[in-house]
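S.K.: Next comes my_file-v3.cif, mmCIF, C-alpha atoms:
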```
data_entry
loop_
_atom_site.label_atom_id
_atom_site.label_comp_id
_atom_site.auth_asym_id
_atom_site.auth_seq_id
_atom_site.Cartn_x
_atom_site.Cartn_y
_atom_site.Cartn_z
CA MET A 76 18.94 75.68 227.52
CA THR A 77 21.78 78.14 226.97
CA CYS A 78 20.84 81.75 227.62
CA GLU A 79 23.06 84.77 227.99
CA LEU A 80 22.08 88.40 228.47
CA GLN A 81 24.60 90.88 227.11
CA LYS A 82 24.60 94.49 228.24
CA HIS A 83 26.22 96.93 225.88
CA LEU A 84 27.45 99.89 227.91
CA THR A 85 28.40 102.94 225.87
CA GLU A 86 30.35 105.94 227.07
CA ASP A 87 28.23 108.22 229.24
CA ARG A 88 27.59 110.91 226.63
CA GLY A 89 23.82 110.74 226.77
CA PHE A 90 23.65 107.48 224.80
CA ASN A 91 21.13 104.93 226.04
CA LEU A 92 22.00 101.51 227.34
CA MET A 93 21.45 98.89 224.64
CA LEU A 94 20.40 95.35 225.43
CA GLY A 95 21.06 92.26 223.36
CA PHE A 96 19.77 88.80 224.11
CA ILE A 97 21.44 85.58 223.00
CA ILE A 98 19.03 82.67 222.87
CA ARG A 99 19.45 79.02 221.94
CA PRO A 100 17.37 77.01 221.39
CA PRO A 101 14.02 78.86 220.97
CA HIS A 102 11.43 78.07 223.61
CA GLN A 103 8.29 79.77 224.81
CA LEU A 104 9.62 80.20 228.34
CA LEU A 105 12.32 82.51 227.01
CA SER A 106 9.72 85.27 226.97
CA LEU A 107 10.62 85.66 230.63
CA LEU A 108 13.89 87.20 229.49
CA LEU A 109 12.01 90.35 228.58
CA CYS A 110 10.94 90.92 232.20
CA PRO A 111 13.23 93.65 233.63
CA GLY A 112 13.01 92.18 237.12
CA LEU A 113 14.14 88.69 236.15
CA ARG A 114 17.47 87.62 237.59
CA ILE A 115 19.64 85.91 235.01
CA PRO A 116 21.99 83.28 236.47
CA ARG A 117 24.84 84.01 234.04
CA LEU A 118 25.39 87.66 233.18
CA SER A 119 28.16 89.01 230.99
CA VAL A 120 28.91 92.67 230.40
CA LEU A 121 30.19 93.45 226.90
CA CYS A 122 32.64 96.34 227.18
CA ALA A 123 34.09 97.52 223.88
CA GLN A 124 35.77 100.69 225.12
CA PRO A 125 38.50 100.93 227.79
CA ARG A 126 36.72 103.57 229.87
CA LEU A 127 33.09 102.70 230.32
CA ARG A 128 30.68 103.62 233.05
CA ALA A 129 27.60 101.53 233.71
CA MET A 130 24.27 103.32 233.43
CA ALA A 131 20.91 102.29 234.79
CA VAL A 132 18.39 100.79 232.39
CA SER A 133 15.79 103.46 231.77
CA SER A 134 12.19 102.40 231.45
CA SER A 135 12.14 103.90 227.95
CA SER A 136 14.76 101.39 226.76
CA TRP A 137 12.16 98.65 227.06
CA GLU A 138 9.91 100.59 224.69
CA LEU A 139 12.47 100.61 221.85
CA PRO A 140 11.74 98.43 218.79
CA LEU A 141 12.89 94.84 219.29
CA VAL A 142 14.24 92.86 216.33
CA ALA A 143 14.93 89.13 216.12
CA VAL A 144 17.77 87.63 214.09
CA CYS A 145 17.26 84.00 213.12
CA GLN A 146 20.06 81.50 212.51
CA VAL A 147 19.28 78.24 210.69
CA THR A 148 20.90 75.34 208.87
CA SER A 149 19.05 75.07 205.56
CA THR A 150 19.14 71.82 203.58
CA PRO A 151 17.61 70.78 200.24
CA ASP A 152 14.42 69.87 202.20
CA LYS A 153 12.22 72.96 201.67
CA GLU A 154 9.37 71.71 203.85
CA GLN A 155 11.60 71.06 206.85
CA ASN A 156 13.37 74.38 206.36
CA PHE A 157 10.02 76.18 206.52
CA ILE A 158 9.06 74.34 209.72
CA THR A 159 12.34 75.42 211.34
CA CYS A 160 12.03 79.04 210.23
CA ALA A 161 8.37 79.22 211.24
CA GLU A 162 9.22 78.02 214.74
CA LEU A 163 11.79 80.79 215.13
CA ILE A 164 9.45 83.43 213.72
CA ARG A 165 6.66 82.43 216.11
CA GLU A 166 9.14 82.54 218.99
CA ALA A 167 10.26 86.02 217.90
CA ALA A 168 6.63 87.16 217.93
CA ARG A 169 6.07 85.68 221.40
CA LEU A 170 9.13 87.54 222.67
CA GLY A 171 7.77 90.84 221.41
CA ALA A 172 9.84 91.47 218.28
CA CYS A 173 8.38 93.73 215.60
CA LEU A 174 10.59 92.34 212.82
CA ALA A 175 12.35 89.01 212.27
CA PHE A 176 15.33 88.55 209.95
CA LEU A 177 16.04 85.26 208.14
CA PRO A 178 19.37 84.48 206.44
CA GLU A 179 20.28 84.09 202.82
CA ALA A 180 18.94 80.82 201.35
CA PHE A 181 16.40 80.43 204.14
CA ASP A 182 14.29 78.48 201.66
CA PHE A 183 16.95 75.83 200.84
CA ILE A 184 20.60 75.16 200.12
CA ALA A 185 20.97 72.71 197.25
CA ARG A 186 23.83 70.36 196.40
CA ASN A 187 24.48 71.73 192.91
CA PRO A 188 23.24 74.37 190.42
CA GLU A 189 20.83 71.93 188.77
CA GLU A 190 19.11 71.19 192.07
CA THR A 191 19.04 74.91 192.88
CA LEU A 192 17.18 75.67 189.66
CA HIS A 193 14.81 72.73 190.17
CA LEU A 194 13.83 73.82 193.70
CA SER A 195 13.45 77.52 192.88
CA GLU A 196 10.04 79.24 192.75
CA PRO A 197 8.54 82.55 191.59
CA LEU A 198 7.62 85.14 194.19
CA GLY A 199 3.99 84.19 193.67
CA GLY A 200 4.68 80.52 194.44
CA ASN A 201 3.59 78.32 197.33
CA LEU A 202 6.55 78.97 199.64
CA LEU A 203 6.27 82.74 199.73
CA GLY A 204 2.54 82.26 200.19
CA GLU A 205 3.26 80.32 203.38
CA TYR A 206 5.47 83.12 204.69
CA THR A 207 2.80 85.67 203.78
CA GLN A 208 0.32 83.75 205.90
CA LEU A 209 2.87 83.40 208.71
CA ALA A 210 3.53 87.17 208.78
CA ARG A 211 -0.20 87.82 209.08
CA GLU A 212 -0.63 85.15 211.73
CA CYS A 213 2.20 86.52 213.87
CA GLY A 214 1.59 90.22 213.13
CA LEU A 215 5.30 90.46 212.38
CA TRP A 216 7.38 92.08 209.65
CA LEU A 217 9.75 89.62 207.97
CA SER A 218 13.07 90.06 206.21
CA LEU A 219 13.40 86.99 203.98
CA GLY A 220 17.07 87.28 203.31
CA GLY A 221 17.69 85.44 200.10
CA PHE A 222 14.91 83.70 198.19
CA HIS A 223 15.79 81.64 195.09
CA GLU A 224 13.47 83.51 192.73
CA ARG A 225 12.34 82.51 189.27
CA GLY A 226 11.91 85.94 187.73
CA GLN A 227 9.81 87.03 184.81
CA ASP A 228 12.69 86.16 182.49
CA TRP A 229 12.91 82.54 183.72
CA GLU A 230 11.69 81.02 180.46
CA GLN A 231 14.34 82.88 178.48
CA THR A 232 17.32 82.63 180.84
CA GLN A 233 16.69 79.45 182.86
CA LYS A 234 18.47 81.27 185.68
CA ILE A 235 17.21 82.76 188.94
CA TYR A 236 17.70 85.79 191.19
CA ASN A 237 18.89 85.82 194.79
CA CYS A 238 16.05 87.98 196.10
CA HIS A 239 15.77 89.69 199.50
CA VAL A 240 12.04 90.11 200.25
CA ILE A 241 10.45 92.30 202.93
CA LEU A 242 6.94 91.40 204.10
CA ASN A 243 4.94 93.70 206.36
CA ASN A 244 2.77 92.44 209.21
CA LYS A 245 -0.18 92.11 206.82
CA GLY A 246 1.82 89.71 204.66
CA SER A 247 2.26 92.14 201.75
CA VAL A 248 5.52 92.34 199.82
CA VAL A 249 6.73 95.91 200.43
CA ALA A 250 10.27 95.64 199.02
CA THR A 251 12.45 93.32 196.94
CA TYR A 252 16.17 93.54 196.28
CA ARG A 253 17.99 91.21 193.91
CA LYS A 254 21.60 90.57 194.87
CA THR A 255 23.88 92.70 192.70
CA HIS A 256 27.29 91.21 193.59
CA LEU A 257 27.46 87.48 192.89
CA CYS A 258 29.92 85.32 194.78
CA ASP A 259 32.22 83.74 192.19
CA VAL A 260 35.29 82.89 194.27
CA GLU A 261 37.70 80.04 194.94
CA ILE A 262 38.99 80.07 198.51
CA PRO A 263 41.54 77.35 199.40
CA GLY A 264 40.08 75.05 202.02
CA GLN A 265 36.53 76.24 201.50
CA GLY A 266 35.66 74.96 198.06
CA PRO A 267 34.74 76.93 194.95
CA MET A 268 31.62 79.09 194.79
CA HIS A 269 30.24 80.04 191.38
CA GLU A 270 26.92 81.72 192.08
CA SER A 271 26.64 83.01 188.52
CA ASN A 272 26.24 79.42 187.25
CA SER A 273 22.61 79.59 188.33
CA THR A 274 21.97 83.22 189.26
CA ILE A 275 21.61 86.56 187.44
CA PRO A 276 22.91 89.71 189.19
CA GLY A 277 20.23 92.22 190.10
CA PRO A 278 20.05 95.39 188.01
CA SER A 279 19.73 98.00 190.77
CA LEU A 280 19.67 98.87 194.44
CA GLU A 281 16.43 99.25 196.38
CA SER A 282 15.63 102.48 198.21
CA PRO A 283 15.53 101.99 202.01
CA ILE A 284 12.16 100.81 203.26
CA SER A 285 10.42 102.22 206.34
CA THR A 286 9.65 99.57 208.99
CA PRO A 287 8.64 99.67 212.68
CA ALA A 288 12.36 99.34 213.56
CA GLY A 289 13.63 102.08 211.22
CA LYS A 290 14.55 102.59 207.55
CA ILE A 291 16.18 99.41 206.28
CA GLY A 292 18.71 99.21 203.46
CA LEU A 293 18.70 95.84 201.72
CA ALA A 294 21.77 93.83 200.76
CA ILE A 295 22.80 90.16 200.73
CA CYS A 296 25.98 88.42 201.96
CA TYR A 297 28.80 89.09 199.44
CA ASP A 298 27.45 92.64 199.04
CA MET A 299 29.07 93.50 202.37
CA ARG A 300 32.49 93.51 200.68
CA PHE A 301 31.49 96.57 198.66
CA PRO A 302 31.26 99.67 200.89
CA GLU A 303 29.99 101.74 197.96
CA LEU A 304 26.66 99.92 198.30
CA SER A 305 26.26 100.68 202.01
CA LEU A 306 27.29 104.32 201.51
CA ALA A 307 24.70 104.71 198.75
CA LEU A 308 22.02 103.22 201.02
CA VAL A 309 22.83 105.46 203.99
CA GLN A 310 22.85 108.55 201.77
CA ALA A 311 19.38 107.47 200.66
CA GLY A 312 18.23 107.43 204.28
CA ALA A 313 19.07 103.97 205.64
CA GLU A 314 19.31 103.58 209.41
CA ILE A 315 19.67 99.80 209.45
CA LEU A 316 21.70 97.77 206.97
CA THR A 317 20.90 94.08 206.52
CA TYR A 318 23.34 91.43 205.34
CA PRO A 319 21.56 88.04 205.41
CA SER A 320 24.34 85.58 204.66
CA ALA A 321 25.76 82.10 204.26
CA PHE A 322 29.45 82.73 204.95
CA GLY A 323 31.94 79.90 204.54
CA SER A 324 34.05 78.22 207.20
CA VAL A 325 37.30 79.90 206.05
CA THR A 326 36.16 83.44 205.25
CA GLY A 327 33.81 83.46 208.26
CA PRO A 328 36.38 83.47 211.09
CA ALA A 329 38.65 85.84 209.16
CA HIS A 330 36.22 88.42 207.75
CA TRP A 331 32.63 88.09 209.00
CA GLU A 332 32.63 90.22 212.15
CA VAL A 333 35.32 92.58 210.85
CA LEU A 334 33.33 93.45 207.73
CA LEU A 335 30.03 93.86 209.59
CA ARG A 336 31.55 96.18 212.19
CA ALA A 337 33.32 98.16 209.47
CA ARG A 338 30.06 98.66 207.56
CA ALA A 339 28.34 99.82 210.77
CA ILE A 340 31.09 102.29 211.68
CA GLU A 341 31.56 103.86 208.26
CA SER A 342 27.83 104.16 207.58
CA GLN A 343 26.83 105.00 211.18
CA CYS A 344 23.99 102.50 210.87
CA TYR A 345 22.81 99.48 212.78
CA VAL A 346 23.84 96.32 210.95
CA VAL A 347 21.69 93.19 211.20
CA ALA A 348 23.21 89.99 209.86
CA ALA A 349 21.22 86.75 209.97
CA ALA A 350 23.42 83.81 209.02
CA GLN A 351 23.34 80.21 207.97
CA CYS A 352 25.23 77.84 210.27
CA GLY A 353 26.47 74.25 210.38
CA ARG A 354 26.54 71.55 207.71
CA HIS A 355 23.84 71.77 205.05
CA HIS A 356 24.84 68.58 203.22
CA GLU A 357 28.00 66.71 202.33
CA LYS A 358 29.27 69.52 200.08
CA ARG A 359 28.70 72.66 202.11
CA ALA A 360 28.84 74.18 205.59
CA SER A 361 28.37 77.72 206.92
CA TYR A 362 30.00 79.76 209.67
CA GLY A 363 26.97 81.13 211.55
CA HIS A 364 27.56 83.80 214.23
CA SER A 365 24.48 85.89 213.39
CA MET A 366 24.73 89.29 215.03
CA VAL A 367 23.54 92.86 215.43
CA VAL A 368 26.10 95.70 215.42
CA ASP A 369 25.29 99.21 216.59
CA PRO A 370 26.43 102.41 214.80
CA TRP A 371 29.45 102.67 217.14
CA GLY A 372 30.65 99.29 215.85
CA THR A 373 29.85 97.28 218.98
CA VAL A 374 28.26 93.85 218.69
CA VAL A 375 25.13 94.20 220.84
CA ALA A 376 23.69 90.73 220.20
CA ARG A 377 24.91 87.50 218.64
CA CYS A 378 23.70 83.94 218.27
CA SER A 379 25.47 81.10 219.98
CA GLU A 380 26.38 77.93 218.11
CA GLY A 381 23.66 76.15 216.15
CA PRO A 382 20.16 77.19 215.07
CA GLY A 383 18.40 79.76 217.23
CA LEU A 384 17.81 83.47 217.46
CA CYS A 385 19.13 86.61 219.11
CA LEU A 386 17.33 89.83 219.98
CA ALA A 387 18.37 93.48 220.01
CA ARG A 388 16.66 96.81 220.57
CA ILE A 389 17.10 99.53 217.95
CA ASP A 390 17.60 103.04 219.35
CA LEU A 391 17.35 105.57 216.54
CA ASN A 392 17.86 108.48 218.93
CA TYR A 393 21.24 106.97 219.80
CA LEU A 394 22.02 106.72 216.07
CA ARG A 395 21.06 110.35 215.46
CA ARG A 396 23.13 111.63 218.37
CA LEU A 397 26.13 109.65 217.18
CA ARG A 398 25.81 111.12 213.69
CA GLN A 399 25.50 114.60 215.22
CA HIS A 400 28.62 114.19 217.36
CA LEU A 401 30.62 112.53 214.55
CA PRO A 402 29.29 114.13 211.32
CA VAL A 403 31.47 112.22 208.86
CA PHE A 404 29.06 112.60 205.96
CA GLN A 405 29.34 116.37 206.24
CA HIS A 406 33.13 116.09 206.08
CA ARG A 407 33.43 114.07 202.88
CA ARG A 408 35.52 115.59 200.06
CA PRO A 409 34.09 114.19 196.82
CA GLU A 410 36.03 116.80 194.84
CA LEU A 411 39.21 114.93 195.88
CA TYR A 412 38.18 111.29 195.47
CA GLY A 413 34.78 111.27 193.82
CA HIS A 414 31.54 109.91 195.22
CA LEU A 415 31.88 106.48 196.82
CA GLY A 416 28.30 105.38 196.52
CA HIS A 417 26.15 107.94 194.75
CA PRO A 418 22.80 108.67 196.44
CA LEU A 419 20.01 106.60 194.93
CA SER A 420 17.81 108.43 192.43
#
```
Please go through the file and, once you have read it, give me the structure as structure tokens.

M.R.:
Amino acid sequence: MTCELQKHLTEDRGFNLMLGFIIRPPHQLLSLLLCPGLRIPRLSVLCAQPRLRAMAVSSSSWELPLVAVCQVTSTPDKEQNFITCAELIREAARLGACLAFLPEAFDFIARNPEETLHLSEPLGGNLLGEYTQLARECGLWLSLGGFHERGQDWEQTQKIYNCHVILNNKGSVVATYRKTHLCDVEIPGQGPMHESNSTIPGPSLESPISTPAGKIGLAICYDMRFPELSLALVQAGAEILTYPSAFGSVTGPAHWEVLLRARAIESQCYVVAAAQCGRHHEKRASYGHSMVVDPWGTVVARCSEGPGLCLARIDLNYLRRLRQHLPVFQHRRPELYGHLGHPLS
């Protein structure tokens, strides 16, 4: 079992200590990690600033909302994918998380567009029904990061939507966002990606949804390359941005962490990014490195290699103080360069 506890130490300006846990593989005994008195054999301190001063862990920090970020290797086998995801979700519930995030294509990753369309389901289908039951069973909110959805226009279009679904702890669908930026790219060494062959772009953004961890703004993977989207979400009240993803093996090392940290810094939001990892089949592999980034731009939790999960606490008081000390949204000059990301209506 590989376990590592990361302590994120911010500058001593009244900001709380943030804790992130890296866990692989999931196991019930890992619940011991949440005991403040437990001695961890291997401890690493993550220091992002040159002048940092360690602070004691206050008792209140253990009362902050805990979120779990799941990393999986989806295949065309939907049943096995559900078993894997369900194991991680149950582990997240045992560890005390209030919300678990799954990556894009948590349901399956097919070999070609024809197989993608064949395996897709409507939101009212059997697979989402299983996740609804799982959310109720675990008493956990779920971010289902990219469901291959047959929409109401399926019969006319024979194409699907890449749909980010939020379930509450009663199993009810409380928000859906259909990916607006489709990944039609050809990266040398990574293979072509033509998402629009099987997928329709979503028509609109979704207003941030209130959850036990904070107000979440929904996005999916390739959306992270468009800062206008994140700026629109934060102006609509988002405190956490989510980018469930399946990044490639070439763009991943070059852009993944850089883009996520940039979105966190410019929006002054937490960023939660659940990712696909490893080889899905003979035609496709994903980069992994699921992570949580705080509003300062520091990675406070990340997954190690392979399927597993990581945990992070969300401190909205820290976020509000940071926005107060660095009020960038009050300093914008739209009369000079227009509105980058209009507030949602």

S.K.: I need the output of the PyMOL selection byres ((chain A and resi 290) around 9) for this file as a list in words; which residues are they?

M.R.: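 Here the PyMOL selection byres ((chain A and resi 290) around 9) matches Pro283, Ile284, Ser285, Thr286, Pro287, Ala288, Gly289, Ile291, Gly292, Gly312, Ala313, Glu314, Ile315 and Leu316 of chain A.
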
S.K.: List the neighbours of Arg165 (chain A) out to 7 Å using all atoms listed in the file; skip same-chain residues closer than 4 positions along the sequence, and give me the result as JSON, numbers by chain.

M.R.: {"A": [161, 169, 213]}

S.K.: Would you please work out which residue, of A:Gly323, A:Gly353, A:Gly171, A:Gly381, is nearest to Gln265 (chain A) when using all atoms listed in the file?

M.R.: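 The closest residue to Gln265 (chain A) is A:Gly323.
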
S.K.: Env of Pro197 (chain A): 10 Å cut, atoms = all atoms listed in the file, seq-sep filter 6 positions within chain, self excluded. Answer as a list in words.

M.R.: Leu203, Phe222, His223, Glu224, Arg225, Gly226, Gln227, Trp229, Ile235 and Tyr236 of chain A

S.K.: Would you pick out the contacts of Ala168 (chain A) at 9 Å or less, using all atoms listed in the file, so that residues sharing its chain but fewer than 6 positions from it are not included, and give the list as JSON, numbers by chain?

M.R.: {"A": [143, 174, 175, 213, 214, 215]}

S.K.: Check which residues satisfy the PyMOL selection byres ((chain A and resi 344) around 12) in the file shown, then give them as a ChimeraX atom specification.

M.R.: /A:289-292,305-306,308-310,312-317,335-343,345-347,367-373,389-398

S.K.: Suppose we keep C-alpha atoms; can you now write the selection as a PDB file, in the coordinates of the input?

M.R.:
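Generated output (result00.pdb):
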```pdb
ATOM      1  CA  GLY A 289      13.630 102.080 211.220  1.00  0.00           C
ATOM      2  CA  LYS A 290      14.550 102.590 207.550  1.00  0.00           C
ATOM      3  CA  ILE A 291      16.180  99.410 206.280  1.00  0.00           C
ATOM      4  CA  GLY A 292      18.710  99.210 203.460  1.00  0.00           C
ATOM      5  CA  SER A 305      26.260 100.680 202.010  1.00  0.00           C
ATOM      6  CA  LEU A 306      27.290 104.320 201.510  1.00  0.00           C
ATOM      7  CA  LEU A 308      22.020 103.220 201.020  1.00  0.00           C
ATOM      8  CA  VAL A 309      22.830 105.460 203.990  1.00  0.00           C
ATOM      9  CA  GLN A 310      22.850 108.550 201.770  1.00  0.00           C
ATOM     10  CA  GLY A 312      18.230 107.430 204.280  1.00  0.00           C
ATOM     11  CA  ALA A 313      19.070 103.970 205.640  1.00  0.00           C
ATOM     12  CA  GLU A 314      19.310 103.580 209.410  1.00  0.00           C
ATOM     13  CA  ILE A 315      19.670  99.800 209.450  1.00  0.00           C
ATOM     14  CA  LEU A 316      21.700  97.770 206.970  1.00  0.00           C
ATOM     15  CA  THR A 317      20.900  94.080 206.520  1.00  0.00           C
ATOM     16  CA  LEU A 335      30.030  93.860 209.590  1.00  0.00           C
ATOM     17  CA  ARG A 336      31.550  96.180 212.190  1.00  0.00           C
ATOM     18  CA  ALA A 337      33.320  98.160 209.470  1.00  0.00           C
ATOM     19  CA  ARG A 338      30.060  98.660 207.560  1.00  0.00           C
ATOM     20  CA  ALA A 339      28.340  99.820 210.770  1.00  0.00           C
ATOM     21  CA  ILE A 340      31.090 102.290 211.680  1.00  0.00           C
ATOM     22  CA  GLU A 341      31.560 103.860 208.260  1.00  0.00           C
ATOM     23  CA  SER A 342      27.830 104.160 207.580  1.00  0.00           C
ATOM     24  CA  GLN A 343      26.830 105.000 211.180  1.00  0.00           C
ATOM     25  CA  TYR A 345      22.810  99.480 212.780  1.00  0.00           C
ATOM     26  CA  VAL A 346      23.840  96.320 210.950  1.00  0.00           C
ATOM     27  CA  VAL A 347      21.690  93.190 211.200  1.00  0.00           C
ATOM     28  CA  VAL A 367      23.540  92.860 215.430  1.00  0.00           C
ATOM     29  CA  VAL A 368      26.100  95.700 215.420  1.00  0.00           C
ATOM     30  CA  ASP A 369      25.290  99.210 216.590  1.00  0.00           C
ATOM     31  CA  PRO A 370      26.430 102.410 214.800  1.00  0.00           C
ATOM     32  CA  TRP A 371      29.450 102.670 217.140  1.00  0.00           C
ATOM     33  CA  GLY A 372      30.650  99.290 215.850  1.00  0.00           C
ATOM     34  CA  THR A 373      29.850  97.280 218.980  1.00  0.00           C
ATOM     35  CA  ILE A 389      17.100  99.530 217.950  1.00  0.00           C
ATOM     36  CA  ASP A 390      17.600 103.040 219.350  1.00  0.00           C
ATOM     37  CA  LEU A 391      17.350 105.570 216.540  1.00  0.00           C
ATOM     38  CA  ASN A 392      17.860 108.480 218.930  1.00  0.00           C
ATOM     39  CA  TYR A 393      21.240 106.970 219.800  1.00  0.00           C
ATOM     40  CA  LEU A 394      22.020 106.720 216.070  1.00  0.00           C
ATOM     41  CA  ARG A 395      21.060 110.350 215.460  1.00  0.00           C
ATOM     42  CA  ARG A 396      23.130 111.630 218.370  1.00  0.00           C
ATOM     43  CA  LEU A 397      26.130 109.650 217.180  1.00  0.00           C
ATOM     44  CA  ARG A 398      25.810 111.120 213.690  1.00  0.00           C
TER      45      ARG A 398
END
```

S.K.: Which is closer to Gln146 (chain A) than all the others in A:Met299, A:Leu257, A:Leu163, A:Leu401, using all atoms listed in the file?

M.R.: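 Looking only at the distances to Gln146 (chain A), the closest residue turns out to be A:Leu163.
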
S.K.: For Ser365 (chain A), which of A:Pro328, A:Ala172, A:Gln208, A:Cys145 is the closest residue, counting all atoms listed in the file?

M.R.: A:Cys145

S.K.: Enumerate, as a CSV table (one decimal) with C-alpha atoms, in the frame of the given file, the residues matched when the PyMOL selection byres ((chain A and resi 193) around 12) is run on the file above.

M.R.:
```
chain,number,residue,atom,x,y,z
A,151,PRO,CA,17.6,70.8,200.2
A,153,LYS,CA,12.2,73.0,201.7
A,183,PHE,CA,17.0,75.8,200.8
A,184,ILE,CA,20.6,75.2,200.1
A,185,ALA,CA,21.0,72.7,197.2
A,186,ARG,CA,23.8,70.4,196.4
A,187,ASN,CA,24.5,71.7,192.9
A,188,PRO,CA,23.2,74.4,190.4
A,189,GLU,CA,20.8,71.9,188.8
A,190,GLU,CA,19.1,71.2,192.1
A,191,THR,CA,19.0,74.9,192.9
A,192,LEU,CA,17.2,75.7,189.7
A,194,LEU,CA,13.8,73.8,193.7
A,195,SER,CA,13.4,77.5,192.9
A,196,GLU,CA,10.0,79.2,192.8
A,197,PRO,CA,8.5,82.6,191.6
A,223,HIS,CA,15.8,81.6,195.1
A,224,GLU,CA,13.5,83.5,192.7
A,225,ARG,CA,12.3,82.5,189.3
A,229,TRP,CA,12.9,82.5,183.7
A,233,GLN,CA,16.7,79.4,182.9
A,234,LYS,CA,18.5,81.3,185.7
A,235,ILE,CA,17.2,82.8,188.9
A,273,SER,CA,22.6,79.6,188.3
```

S.K.: Would you mind listing what lies within 8 Å of Tyr318 (chain A) as a list in words, with only C-alpha atoms counted and same-chain residues fewer than 4 positions away left out?

M.R.: Gly220, Leu293, Ala294, Ile295, Cys296, Asp298, Met299, Val346, Val347, Ala348 and Ala349 of chain A

S.K.: CA of Ser361 (chain A) and CA of Asn243 (chain A) are how many Å apart?

M.R.: 28.4 Å

S.K.: Considering all atoms listed in the file, can you say which of A:Lys358, A:His239, A:His364, A:His256 comes closest to Leu177 (chain A)?

M.R.: A:His239

S.K.: Using only C-alpha atoms, list the residues that have an atom at most 12 Å from (24.3, 79.8, 210.8), coordinates as in the file, as a VMD selection string.

M.R.: chain A and resid 144 to 150 177 to 181 319 to 324 327 331 348 to 355 360 to 366 377 to 385

S.K.: For Trp137 (chain A), which residue among A:Leu419, A:Ile275, A:Ala387, A:Leu280 is the nearest when counting all atoms listed in the file?

M.R.: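 Answer, going by the shortest atom-to-atom distance: A:Ala387.
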